[in-house]
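The next block holds one structure in the form of structure tokens; read it before the comments.
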2 protein chains.
Amino acid sequence: IAKEVAKLLELKAQLGGDEGKHKFVLKTPKGTRDYNPKQMAIRERVFNTIIACFKRHGAEVIDTPVFELKETLTGKYGEDSKLIYDLKDQGGELLSMRYDLTVPFARYLAMNKITNFKRYHIAKVYRRDNPAMTRGRYREFYQCDFDIAGQFDPMIPDAECLKIVHEILSDLQLGDFLIKVNDRRILDGIFAVCGVPDSKFRMICSSVDKLDKMPWEEVRSEMVGEKGLSPEAADRIGEYVQLHGGLDLIEQLLQDPKLSQNKLAKEGLGDMKLLFEYLTLFGITGKISFDLSLARGLDYYTGVIFEAVLLQQENDHVEEPVSVGSVAGGGRYDGLVGMFDPKGRKVPCVGASIGIERIFSILEQRVEASEEKIRTTETQVLVASAQKKLLEERLKLISELWDAGIKAEMLYRKNPKLLNQLQYCEETGIPLVAIVGEQELKDGVVKLRVVATREEVNIRRESLVEEIRMRTSQ
Amino acid sequence: IAKEVAKLLELKAQLGGDEGKHKFVLKTPKGTRDYNPKQMAIRERVFNTIIACFKRHGAEVIDTPVFELKETLTGKYGEDSKLIYDLKDQGGELLSMRYDLTVPFARYLAMNKITNFKRYHIAKVYRRDNPAMTRGRYREFYQCDFDIAGQFDPMIPDAECLKIVHEILSDLQLGDFLIKVNDRRILDGIFAVCGVPDSKFRMICSSVDKLDKMPWEEVRSEMVGEKGLSPEAADRIGEYVQLHGGLDLIEQLLQDPKLSQNKLAKEGLGDMKLLFEYLTLFGITGKISFDLSLARGLDYYTGVIFEAVLLQQENDHVEEPVSVGSVAGGGRYDGLVGMFDPKGRKVPCVGASIGIERIFSILEQRVEASEEKIRTTETQVLVASAQKKLLEERLKLISELWDAGIKAEMLYRKNPKLLNQLQYCEETGIPLVAIVGEQELKDGVVKLRVVATREEVNIRRESLVEEIRMRTSQ
């Protein structure tokens, strides 16, 4: 009801906006935002960290269109399909905005008949979800995906995906984190031995997926009430999905009298053991938890699944700690590419996706709280004049500097006051001022002023570029 | 008719696709394309050149959502509005894909009450135009925009925009180019003195805009036939709009008995003279042409307008030279921000937009023709083994390398053949191989092989990172 009321109010606001002429609603669409230069600076830092990691692991990069044929996305996302943005039918093809980068990647592989590919892709995706912008939940948001496609020996690429998530979350210095790991085959095995009919596997899996937001009791009553599962089956599931641990738990479940009889579960547990061995060699098991409550929402996973969460921290940087959920996730999807191939040829894939918006939220708050001054330009020098009628001289000098690769600005005034020019440097963090004046022109020099120290020194015009370079290289 | 037939065929293809199950049409939407890693490498190079220039001029960077409220775009693009992509009404706000980066920029300025801003923005925009992909005309394409907003002394920011276009086209080494410059005020003045009624200014301007694609005779008959202009007025216009030149032409028109009586034209010509003076100081008038046939399609321009075209060249790199049109354009739009402000407060703006797709097309063809081998990863070393059962040792070593910031890969096989591992390096351009073997492990060394020379040398494990860094730094 609240949702419907909100919708009606929104409609009303729109109608109201159209009545008066020129009464625009000055906003970005619901669930979206602009990035101002400061936010862009933070975004660049985060991207650079993530891209450096992807490149360290030898990934190539691709890009795909922001929308796909509607049918490309159909039948890939289960219950979440209702959140897909469709484009209006304006004649021609029916299109939808991409919902993630995984389905476009699978489409790309099938279309180009690629069976072997390690790539990353950083781009915006679109979900008509209920936004919670202060917590970094948007309708337009970035995903940073790394995927490995190809037929390989078990768990080697899967382990690398987890290593990558571990490296990125460490490099970003977001505080303590935990990567929960599970396997769809283990979950399916559990559902089978607990007496869930095959047809309800995905449905019950969706219920388990809610365990990070609701207590078991509520999830249980959804299973029994809404999804028609028997109370006994639900209780049996409950015993399993509340378990978490490490290698010891894997061993225990491998001995479990019921589970060890199930082929899928046995496969999944065997691979999970192998995965933990590799993660031990990588030295990262300290932050990995084998967690049977992890289910992941999307339909297409077929093996290992994982999700990274930031652990609540007493953080003295941030006054009110942001409540953030998952910041990364991923898993194995061996069937997705086959759904696009005319002959159903499969290309096994595993990948990790970094959820950047929540990380932005945290870092933005941190920067705000720390009063750290972020420069949003890289300008090295302001070309200024102390007297009037020197616009032409300023234009000549700045042109020389630009052509020599120096980052230079000037005020767009014919006769700016020196004070205003110096103030502009203070505000924007420009470290040097190159001042032209009548006398300097006669002497063939430029007066170079260091903004921080107010020191001034005459530099011969032909040495100016070199001098600026020297003074602004770290 | 051809368009309608194409539409029907497309519809039929879609219906056909739905009949058989799993018979997907494996393609990207019409007028869009994927970027493969090689294309991405070229794209990165171009972006880096452009961003370097924008930063050299002290611009900050912003980003905006890929769609806007529909009403934000309404009434800004004149005849071209029919090319806007709308989103489906799924309840909530009505949305449209951005058509350029200029209107979102104006919306951003008005929404944040900013009156002074120099920013760049590189992002994809969307137009339901007839694609001509081989010539770099897409429905989804990048724009790279640089704009200066604020009340300044005349022509100083305008001149900088032209300097930027000149720098970028020079830096990209695309061959010879020409930047055509005109002013909407001069055009309107011409229309006025030629007897065009006020109400037909924009319409006749659209016709003039077609002079780069059709001869004057056709444009004239459009003016007279379709737009109802008198033949005498059209002929008078024809005498003006076929003129082009430099400072001399400006002087000549300033003396023109009719034009010099028109206030708008006089203002425009005076400013054009000033602009040419500044461009002379920048040393770039050699590639600038004052061209009265330049009109630009968009409605929102109010002053200086410009467009850069590549000149057909005898290029020995490219077998069949691509026919490319405009690669950059822009102009002054002093009224656009005011359209968003509730009180109509104006913020004068001028900007330049680089049309990247055509530049990509040229560079892609050039790379293809030159057989230049572009690496699409930066991997420094492949971690390999010569014997079986060394997967664990490879995992341990590669993990050490990653943690030390070395870009390293390994094959995802338990027991890969050495030959296959070396071949992988050849194919992907990895310069070094770190080989672990039983003996090396005992000796505490790793065998480092230089792929190009086949030279092999044992390196102590603790020195390996340093050695790789040294050998792969340029």
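Letters A, B, ... mark the chains of the structure tokens in the order given; residue numbers begin at 1 per chain; ligand numbers begin at 1, in order shown.
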task: Could you give me, as a VMD selection string, the residues within 10 Å of Leu441 in chain A, counting only C-alpha atoms and dropping anything in the same chain fewer than 6 positions from it?
output: chain A and resid 393 447 461
Output for the residues just chosen: N, CA, C and O atoms as a CSV table (one decimal), in the first residue's frame:
```csv
chain,number,residue,atom,x,y,z
A,393,GLU,N,49.2,38.9,-23.8
A,393,GLU,CA,50.4,38.3,-23.3
A,393,GLU,C,50.1,37.0,-22.5
A,393,GLU,O,50.8,36.1,-22.6
A,447,LYS,N,57.6,36.1,-13.8
A,447,LYS,CA,57.7,36.0,-12.4
A,447,LYS,C,57.0,34.7,-11.9
A,447,LYS,O,55.8,34.6,-12.1
A,461,ARG,N,62.2,33.2,-19.7
A,461,ARG,CA,61.0,32.7,-20.4
A,461,ARG,C,61.3,31.3,-21.0
A,461,ARG,O,60.5,30.4,-20.9
```
message: List the spatial neighbours of Thr472 in chain A as a PyMOL selection string - criterion: any atom at most 9 Å away, only C-alpha atoms, same-chain residues fewer than 5 positions off excluded.
response: chain A and resi 380+431-432+467
Would you save the residues of that selection, restricted to N, CA, C and O atoms, as a PDB file, in the first residue's frame?
```
ATOM      1  N   GLN A 380      48.907  22.873 -12.799  1.00  0.00           N
ATOM      2  CA  GLN A 380      50.214  23.140 -12.199  1.00  0.00           C
ATOM      3  C   GLN A 380      50.464  24.625 -12.000  1.00  0.00           C
ATOM      4  O   GLN A 380      51.147  25.026 -11.081  1.00  0.00           O
ATOM      5  N   PRO A 431      49.475  25.174  -7.374  1.00  0.00           N
ATOM      6  CA  PRO A 431      50.665  25.492  -6.569  1.00  0.00           C
ATOM      7  C   PRO A 431      51.480  26.685  -7.063  1.00  0.00           C
ATOM      8  O   PRO A 431      52.179  27.309  -6.273  1.00  0.00           O
ATOM      9  N   LEU A 432      51.413  27.008  -8.377  1.00  0.00           N
ATOM     10  CA  LEU A 432      52.299  28.042  -8.925  1.00  0.00           C
ATOM     11  C   LEU A 432      51.515  29.097  -9.695  1.00  0.00           C
ATOM     12  O   LEU A 432      50.469  28.810 -10.272  1.00  0.00           O
ATOM     13  N   GLU A 467      61.277  24.718 -15.419  1.00  0.00           N
ATOM     14  CA  GLU A 467      61.169  25.115 -14.007  1.00  0.00           C
ATOM     15  C   GLU A 467      59.838  24.643 -13.410  1.00  0.00           C
ATOM     16  O   GLU A 467      59.796  24.132 -12.292  1.00  0.00           O
TER      17      GLU A 467
END
```
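The list of residues with at least one atom within 6 Å of Leu87 in chain B, based on only C-alpha atoms and without residues fewer than 4 positions apart in the same chain, reads Leu87 and Lys88 of chain A; Leu95 and Ser96 of chain B.
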Only all heavy atoms, please: the residues just picked out, written as a PDB file, in the first residue's frame.
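Okay, selection_12.pdb is ready:
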```pdb
ATOM      1  N   LEU A  87      12.883  -0.784 -22.509  1.00  0.00           N
ATOM      2  CA  LEU A  87      12.726   0.438 -23.307  1.00  0.00           C
ATOM      3  C   LEU A  87      11.369   0.433 -23.988  1.00  0.00           C
ATOM      4  O   LEU A  87      10.756  -0.625 -24.175  1.00  0.00           O
ATOM      5  CB  LEU A  87      13.853   0.561 -24.338  1.00  0.00           C
ATOM      6  CG  LEU A  87      15.070   1.323 -23.800  1.00  0.00           C
ATOM      7  CD1 LEU A  87      15.910   0.425 -22.922  1.00  0.00           C
ATOM      8  CD2 LEU A  87      15.902   1.906 -24.909  1.00  0.00           C
ATOM      9  N   LYS A  88      10.893   1.604 -24.304  1.00  0.00           N
ATOM     10  CA  LYS A  88       9.612   1.738 -24.976  1.00  0.00           C
ATOM     11  C   LYS A  88       9.712   1.157 -26.382  1.00  0.00           C
ATOM     12  O   LYS A  88      10.753   1.259 -27.022  1.00  0.00           O
ATOM     13  CB  LYS A  88       9.270   3.226 -25.058  1.00  0.00           C
ATOM     14  CG  LYS A  88       7.877   3.548 -25.532  1.00  0.00           C
ATOM     15  CD  LYS A  88       7.616   5.032 -25.313  1.00  0.00           C
ATOM     16  CE  LYS A  88       6.503   5.556 -26.190  1.00  0.00           C
ATOM     17  NZ  LYS A  88       6.386   7.021 -26.031  1.00  0.00           N
TER      18      LYS A  88
ATOM     19  N   LEU B  95      11.020   8.202 -18.365  1.00  0.00           N
ATOM     20  CA  LEU B  95      12.453   8.417 -18.555  1.00  0.00           C
ATOM     21  C   LEU B  95      12.847   8.335 -20.024  1.00  0.00           C
ATOM     22  O   LEU B  95      12.201   7.652 -20.817  1.00  0.00           O
ATOM     23  CB  LEU B  95      13.240   7.361 -17.770  1.00  0.00           C
ATOM     24  CG  LEU B  95      12.904   7.217 -16.276  1.00  0.00           C
ATOM     25  CD1 LEU B  95      13.690   6.068 -15.664  1.00  0.00           C
ATOM     26  CD2 LEU B  95      13.195   8.514 -15.536  1.00  0.00           C
ATOM     27  N   SER B  96      13.920   9.036 -20.370  1.00  0.00           N
ATOM     28  CA  SER B  96      14.504   8.944 -21.713  1.00  0.00           C
ATOM     29  C   SER B  96      16.015   8.816 -21.586  1.00  0.00           C
ATOM     30  O   SER B  96      16.618   9.364 -20.666  1.00  0.00           O
ATOM     31  CB  SER B  96      14.189  10.196 -22.529  1.00  0.00           C
ATOM     32  OG  SER B  96      12.803  10.365 -22.668  1.00  0.00           O
TER      33      SER B  96
END
```
Which chain B residues are at most 6 Å from chain A (counting only C-alpha atoms), as a compact mmCIF listing (two decimals) with all heavy atoms, in the first residue's frame?
```txt
# COMPACT_ATOMS: atom_id res chain seq x y z
N LYS B 7 11.77 -2.34 -41.25
CA LYS B 7 11.10 -2.46 -39.96
C LYS B 7 10.26 -3.74 -39.93
O LYS B 7 10.30 -4.50 -38.97
CB LYS B 7 10.21 -1.22 -39.75
CG LYS B 7 10.32 -0.63 -38.34
CD LYS B 7 9.35 0.49 -38.14
CE LYS B 7 9.99 1.86 -38.28
NZ LYS B 7 9.02 2.95 -38.15
N LEU B 26 21.22 -14.02 -31.80
CA LEU B 26 22.44 -13.73 -31.06
C LEU B 26 23.09 -12.48 -31.64
O LEU B 26 23.90 -12.56 -32.55
CB LEU B 26 23.40 -14.90 -31.19
CG LEU B 26 23.59 -15.78 -29.97
CD1 LEU B 26 24.65 -16.81 -30.23
CD2 LEU B 26 23.90 -14.98 -28.73
N PRO B 29 21.86 -5.01 -29.95
CA PRO B 29 20.81 -4.20 -30.58
C PRO B 29 21.34 -3.43 -31.80
O PRO B 29 22.52 -3.10 -31.87
CB PRO B 29 20.41 -3.25 -29.45
CG PRO B 29 20.69 -4.01 -28.21
CD PRO B 29 21.94 -4.78 -28.50
N ASP B 34 29.73 -4.46 -29.40
CA ASP B 34 30.64 -4.77 -28.31
C ASP B 34 32.01 -4.22 -28.65
O ASP B 34 32.33 -4.00 -29.81
CB ASP B 34 30.77 -6.29 -28.16
CG ASP B 34 29.47 -6.96 -27.77
OD1 ASP B 34 28.75 -6.41 -26.92
OD2 ASP B 34 29.18 -8.05 -28.30
N TYR B 35 32.82 -4.01 -27.63
CA TYR B 35 34.24 -3.72 -27.81
C TYR B 35 35.02 -4.93 -27.36
O TYR B 35 34.90 -5.34 -26.21
CB TYR B 35 34.66 -2.53 -26.96
CG TYR B 35 34.25 -1.19 -27.49
CD1 TYR B 35 32.97 -0.71 -27.28
CD2 TYR B 35 35.15 -0.41 -28.18
CE1 TYR B 35 32.60 0.53 -27.76
CE2 TYR B 35 34.79 0.83 -28.66
CZ TYR B 35 33.52 1.29 -28.45
OH TYR B 35 33.16 2.52 -28.92
N ASN B 36 35.82 -5.51 -28.25
CA ASN B 36 36.69 -6.60 -27.81
C ASN B 36 37.98 -6.00 -27.23
O ASN B 36 38.20 -4.79 -27.31
CB ASN B 36 36.94 -7.58 -28.97
CG ASN B 36 37.75 -6.97 -30.09
OD1 ASN B 36 38.60 -6.11 -29.85
ND2 ASN B 36 37.52 -7.41 -31.30
N PRO B 37 38.82 -6.85 -26.62
CA PRO B 37 39.99 -6.30 -25.92
C PRO B 37 40.89 -5.43 -26.81
O PRO B 37 41.42 -4.42 -26.35
CB PRO B 37 40.72 -7.55 -25.44
CG PRO B 37 39.62 -8.54 -25.22
CD PRO B 37 38.66 -8.30 -26.34
N ARG B 56 44.87 19.22 -18.93
CA ARG B 56 45.86 20.28 -19.19
C ARG B 56 45.18 21.64 -19.11
O ARG B 56 45.79 22.64 -18.77
CB ARG B 56 46.45 20.04 -20.57
CG ARG B 56 47.75 20.73 -20.84
CD ARG B 56 48.54 20.02 -21.94
NE ARG B 56 47.84 19.93 -23.19
CZ ARG B 56 47.65 18.80 -23.88
NH1 ARG B 56 48.13 17.65 -23.44
NH2 ARG B 56 47.00 18.81 -25.03
N HIS B 57 43.89 21.66 -19.42
CA HIS B 57 43.14 22.92 -19.40
C HIS B 57 42.38 23.11 -18.09
O HIS B 57 41.49 23.96 -18.01
CB HIS B 57 42.22 22.99 -20.62
CG HIS B 57 42.97 23.21 -21.90
ND1 HIS B 57 43.10 24.44 -22.50
CD2 HIS B 57 43.71 22.36 -22.66
CE1 HIS B 57 43.84 24.34 -23.58
NE2 HIS B 57 44.22 23.08 -23.71
N GLY B 58 42.72 22.28 -17.10
CA GLY B 58 42.18 22.52 -15.75
C GLY B 58 40.74 22.13 -15.55
O GLY B 58 40.08 22.64 -14.64
N GLU B 60 37.53 19.95 -14.35
CA GLU B 60 37.10 18.92 -13.43
C GLU B 60 36.25 17.92 -14.21
O GLU B 60 35.92 18.14 -15.37
CB GLU B 60 36.27 19.54 -12.30
CG GLU B 60 37.02 20.62 -11.54
CD GLU B 60 36.21 21.19 -10.38
OE1 GLU B 60 35.44 22.14 -10.61
OE2 GLU B 60 36.35 20.67 -9.26
N VAL B 61 35.87 16.81 -13.56
CA VAL B 61 35.09 15.80 -14.27
C VAL B 61 33.82 15.49 -13.48
O VAL B 61 33.83 15.53 -12.24
CB VAL B 61 35.93 14.52 -14.53
CG1 VAL B 61 36.45 13.92 -13.23
CG2 VAL B 61 35.17 13.49 -15.33
N ILE B 62 32.72 15.27 -14.20
CA ILE B 62 31.49 14.83 -13.54
C ILE B 62 30.91 13.63 -14.28
O ILE B 62 31.38 13.27 -15.35
CB ILE B 62 30.39 15.94 -13.49
CG1 ILE B 62 29.87 16.26 -14.91
CG2 ILE B 62 30.89 17.19 -12.82
CD1 ILE B 62 28.54 16.98 -14.90
N ASP B 63 29.90 13.02 -13.67
CA ASP B 63 29.13 12.01 -14.38
C ASP B 63 27.66 12.19 -14.04
O ASP B 63 27.33 12.71 -12.96
CB ASP B 63 29.60 10.60 -14.01
CG ASP B 63 29.06 9.55 -14.97
OD1 ASP B 63 28.65 9.91 -16.09
OD2 ASP B 63 29.07 8.35 -14.61
N THR B 64 26.79 11.81 -14.95
CA THR B 64 25.35 11.91 -14.74
C THR B 64 24.72 10.58 -15.13
O THR B 64 25.37 9.76 -15.78
CB THR B 64 24.75 13.03 -15.62
OG1 THR B 64 24.88 12.65 -17.00
CG2 THR B 64 25.44 14.36 -15.40
N GLU B 68 17.47 10.41 -18.16
CA GLU B 68 16.99 11.61 -17.48
C GLU B 68 15.46 11.53 -17.44
O GLU B 68 14.85 10.75 -18.19
CB GLU B 68 17.41 12.87 -18.26
CG GLU B 68 18.91 13.13 -18.33
CD GLU B 68 19.43 13.84 -17.08
OE1 GLU B 68 18.63 14.37 -16.30
OE2 GLU B 68 20.67 13.86 -16.90
N LEU B 69 14.83 12.35 -16.61
CA LEU B 69 13.38 12.51 -16.72
C LEU B 69 13.09 12.94 -18.16
O LEU B 69 13.79 13.79 -18.71
CB LEU B 69 12.87 13.58 -15.75
CG LEU B 69 13.07 13.31 -14.26
CD1 LEU B 69 12.39 14.39 -13.44
CD2 LEU B 69 12.55 11.94 -13.86
N ASP B 86 13.03 6.48 -25.59
CA ASP B 86 12.25 6.55 -24.36
C ASP B 86 12.27 5.19 -23.66
O ASP B 86 12.33 4.15 -24.32
CB ASP B 86 10.80 6.91 -24.66
CG ASP B 86 10.67 8.34 -25.16
OD1 ASP B 86 11.45 9.20 -24.70
OD2 ASP B 86 9.79 8.60 -26.00
N LEU B 87 12.17 5.22 -22.33
CA LEU B 87 11.99 3.97 -21.60
C LEU B 87 10.51 3.65 -21.50
O LEU B 87 9.66 4.54 -21.59
CB LEU B 87 12.64 4.02 -20.21
CG LEU B 87 14.11 3.57 -20.23
CD1 LEU B 87 15.00 4.68 -20.75
CD2 LEU B 87 14.56 3.11 -18.87
N LYS B 88 10.22 2.39 -21.31
CA LYS B 88 8.83 1.96 -21.18
C LYS B 88 8.27 2.50 -19.86
O LYS B 88 8.98 2.59 -18.87
CB LYS B 88 8.81 0.43 -21.17
CG LYS B 88 7.44 -0.19 -21.28
CD LYS B 88 7.61 -1.69 -21.51
CE LYS B 88 6.40 -2.48 -21.09
NZ LYS B 88 6.67 -3.93 -21.25
N GLY B 92 5.74 4.87 -12.22
CA GLY B 92 6.79 5.79 -11.75
C GLY B 92 7.09 6.83 -12.81
O GLY B 92 6.22 7.19 -13.61
N MET B 111 20.29 22.55 -11.31
CA MET B 111 19.88 21.81 -10.12
C MET B 111 20.78 22.13 -8.93
O MET B 111 20.32 22.21 -7.80
CB MET B 111 19.96 20.32 -10.46
CG MET B 111 19.38 19.39 -9.44
SD MET B 111 19.38 17.70 -10.15
CE MET B 111 20.09 16.81 -8.79
N PHE B 152 31.80 35.58 -18.49
CA PHE B 152 33.19 36.00 -18.65
C PHE B 152 33.31 37.05 -19.75
O PHE B 152 32.34 37.35 -20.43
CB PHE B 152 34.07 34.80 -18.98
CG PHE B 152 34.05 33.72 -17.93
CD1 PHE B 152 33.55 32.46 -18.22
CD2 PHE B 152 34.48 33.98 -16.64
CE1 PHE B 152 33.52 31.47 -17.25
CE2 PHE B 152 34.45 33.01 -15.66
CZ PHE B 152 33.96 31.75 -15.97
N ASP B 153 34.52 37.55 -19.95
CA ASP B 153 34.72 38.50 -21.04
C ASP B 153 34.65 37.75 -22.37
O ASP B 153 35.07 36.59 -22.47
CB ASP B 153 36.05 39.25 -20.85
CG ASP B 153 35.91 40.33 -19.79
OD1 ASP B 153 34.84 40.98 -19.73
OD2 ASP B 153 36.84 40.51 -18.98
N ILE B 156 36.92 34.64 -24.75
CA ILE B 156 38.10 34.00 -24.16
C ILE B 156 37.86 32.50 -23.96
O ILE B 156 38.64 31.69 -24.44
CB ILE B 156 38.55 34.70 -22.85
CG1 ILE B 156 38.63 36.22 -23.06
CG2 ILE B 156 39.90 34.16 -22.40
CD1 ILE B 156 39.03 37.00 -21.82
N LEU B 281 46.84 34.48 -31.60
CA LEU B 281 47.77 34.38 -30.48
C LEU B 281 48.05 32.91 -30.13
O LEU B 281 49.15 32.56 -29.71
CB LEU B 281 47.21 35.11 -29.25
CG LEU B 281 47.11 36.63 -29.40
CD1 LEU B 281 46.24 37.23 -28.30
CD2 LEU B 281 48.50 37.25 -29.36
N PHE B 282 47.05 32.06 -30.27
CA PHE B 282 47.24 30.62 -30.02
C PHE B 282 47.98 29.95 -31.18
O PHE B 282 48.34 28.77 -31.08
CB PHE B 282 45.88 29.92 -29.84
CG PHE B 282 45.19 30.22 -28.53
CD1 PHE B 282 43.82 30.00 -28.39
CD2 PHE B 282 45.89 30.70 -27.43
CE1 PHE B 282 43.17 30.26 -27.19
CE2 PHE B 282 45.25 30.97 -26.23
CZ PHE B 282 43.88 30.75 -26.10
N THR B 376 46.94 -6.99 -25.18
CA THR B 376 45.68 -6.65 -24.50
C THR B 376 45.74 -7.00 -23.01
O THR B 376 44.76 -6.84 -22.31
CB THR B 376 44.51 -7.39 -25.15
OG1 THR B 376 44.83 -8.77 -25.22
CG2 THR B 376 44.27 -6.86 -26.55
N THR B 377 46.88 -7.50 -22.54
CA THR B 377 47.10 -7.64 -21.10
C THR B 377 48.47 -7.05 -20.78
O THR B 377 49.24 -6.75 -21.69
CB THR B 377 47.11 -9.12 -20.64
OG1 THR B 377 48.26 -9.76 -21.20
CG2 THR B 377 45.85 -9.85 -21.07
N THR B 379 50.47 -8.65 -18.38
CA THR B 379 51.10 -9.70 -17.58
C THR B 379 52.62 -9.71 -17.77
O THR B 379 53.12 -9.71 -18.89
CB THR B 379 50.51 -11.07 -17.97
OG1 THR B 379 49.10 -10.97 -17.91
CG2 THR B 379 51.01 -12.16 -17.03
N LYS B 396 51.48 -21.36 -4.75
CA LYS B 396 52.18 -20.63 -3.70
C LYS B 396 53.01 -19.49 -4.28
O LYS B 396 53.00 -18.36 -3.79
CB LYS B 396 53.10 -21.59 -2.92
CG LYS B 396 52.72 -21.70 -1.46
CD LYS B 396 53.25 -22.94 -0.81
CE LYS B 396 54.71 -22.87 -0.39
NZ LYS B 396 55.09 -24.15 0.30
N SER B 399 50.90 -16.60 -5.80
CA SER B 399 50.30 -15.82 -4.72
C SER B 399 51.33 -14.83 -4.15
O SER B 399 51.02 -13.66 -3.90
CB SER B 399 49.81 -16.79 -3.64
OG SER B 399 49.21 -16.10 -2.60
N LYS B 407 52.37 -8.60 -11.98
CA LYS B 407 51.28 -9.09 -12.82
C LYS B 407 51.62 -10.48 -13.32
O LYS B 407 52.55 -10.63 -14.13
CB LYS B 407 51.06 -8.14 -13.99
CG LYS B 407 50.53 -6.79 -13.54
CD LYS B 407 50.58 -5.77 -14.66
CE LYS B 407 50.28 -4.39 -14.12
NZ LYS B 407 51.10 -3.35 -14.76
N ALA B 408 50.91 -11.47 -12.82
CA ALA B 408 51.30 -12.86 -13.08
C ALA B 408 50.09 -13.71 -13.46
O ALA B 408 48.99 -13.49 -13.00
CB ALA B 408 51.97 -13.44 -11.84
N GLU B 409 50.34 -14.66 -14.34
CA GLU B 409 49.31 -15.62 -14.70
C GLU B 409 49.87 -17.03 -14.59
O GLU B 409 51.08 -17.25 -14.52
CB GLU B 409 48.86 -15.40 -16.16
CG GLU B 409 48.01 -14.19 -16.38
CD GLU B 409 47.50 -14.11 -17.83
OE1 GLU B 409 46.63 -14.91 -18.20
OE2 GLU B 409 48.01 -13.26 -18.57
N TYR B 412 45.32 -22.81 -15.85
CA TYR B 412 44.43 -23.42 -14.85
C TYR B 412 44.36 -24.93 -15.02
O TYR B 412 43.28 -25.51 -15.13
CB TYR B 412 43.03 -22.81 -14.96
CG TYR B 412 43.01 -21.31 -14.79
CD1 TYR B 412 42.53 -20.48 -15.80
CD2 TYR B 412 43.45 -20.72 -13.61
CE1 TYR B 412 42.52 -19.11 -15.64
CE2 TYR B 412 43.43 -19.35 -13.46
CZ TYR B 412 42.96 -18.54 -14.48
OH TYR B 412 42.94 -17.18 -14.32
N ARG B 413 45.54 -25.57 -15.06
CA ARG B 413 45.63 -27.01 -15.24
C ARG B 413 46.47 -27.58 -14.10
O ARG B 413 47.41 -26.93 -13.65
CB ARG B 413 46.36 -27.34 -16.55
CG ARG B 413 45.66 -26.85 -17.78
CD ARG B 413 44.63 -27.85 -18.21
NE ARG B 413 43.87 -27.33 -19.33
CZ ARG B 413 42.63 -27.72 -19.61
NH1 ARG B 413 42.02 -28.61 -18.83
NH2 ARG B 413 42.00 -27.24 -20.64
```
- prompt: Quick one: distance from CA of Ala123 in chain B to CA of Cys349 in chain B in Å, one decimal?
  reply: 19.4 Å
- prompt: Quick one: DSSP alpha helix (DSSP H) residues in range 358-451 of chain B, as a VMD selection string?
  reply: chain B and resid 358 to 370 391 to 403 418 to 428 438 to 443
query: Got a sec: who's within 9 Å of range 217-222 of chain A, counting only C-alpha atoms, leaving out chain neighbours fewer than 6 positions off, as a ChimeraX atom specification?
result: /A:207-208,210-211,228-229,231,234-235,237-238
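Look at Gly246 in chain B: the protein and nucleic acid residues within 8 Å of it, using only C-alpha atoms and passing over chain neighbours fewer than 5 places away, are Phe276, Ile288, Ser289 and Phe290 of chain B.
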task: Report the residues of range 133-180 of chain B whose backbone DSSP state falls under strand (DSSP E or B), written as JSON, numbers by chain.
output: {"B": [137, 140, 141, 142, 143, 144, 145, 146, 147, 148, 149, 177, 178, 179, 180]}
Quick one: residues within 10 Å of Val347 in chain B, only C-alpha atoms, excluding same-chain residues fewer than 2 positions away - as an mmCIF file with C-alpha atoms, in the first residue's frame?
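around-v2.cif, written as the output of this step:
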```cif
data_model
loop_
_atom_site.group_PDB
_atom_site.id
_atom_site.type_symbol
_atom_site.label_atom_id
_atom_site.label_comp_id
_atom_site.auth_asym_id
_atom_site.auth_seq_id
_atom_site.Cartn_x
_atom_site.Cartn_y
_atom_site.Cartn_z
ATOM 1 C CA ALA B 106 22.771 22.282 -18.069
ATOM 2 C CA LEU B 109 24.200 23.368 -13.281
ATOM 3 C CA ALA B 110 20.618 24.532 -12.680
ATOM 4 C CA LYS B 113 22.770 26.385 -8.690
ATOM 5 C CA ILE B 114 26.296 26.442 -10.120
ATOM 6 C CA THR B 115 27.212 29.576 -12.088
ATOM 7 C CA ASN B 116 30.879 28.879 -12.695
ATOM 8 C CA ALA B 149 30.054 27.794 -17.798
ATOM 9 C CA GLY B 150 30.119 31.308 -16.414
ATOM 10 C CA GLN B 151 29.823 35.014 -17.152
ATOM 11 C CA TYR B 333 24.535 28.023 -25.633
ATOM 12 C CA ASP B 334 23.710 30.889 -23.297
ATOM 13 C CA GLY B 335 20.024 30.078 -22.859
ATOM 14 C CA LEU B 336 19.973 26.387 -22.010
ATOM 15 C CA VAL B 337 20.620 26.531 -18.255
ATOM 16 C CA GLY B 338 17.953 29.216 -17.919
ATOM 17 C CA ASP B 341 16.005 27.465 -13.704
ATOM 18 C CA GLY B 344 15.012 31.626 -15.758
ATOM 19 C CA ARG B 345 18.424 32.777 -14.496
ATOM 20 C CA CYS B 349 28.073 28.279 -21.564
#
```
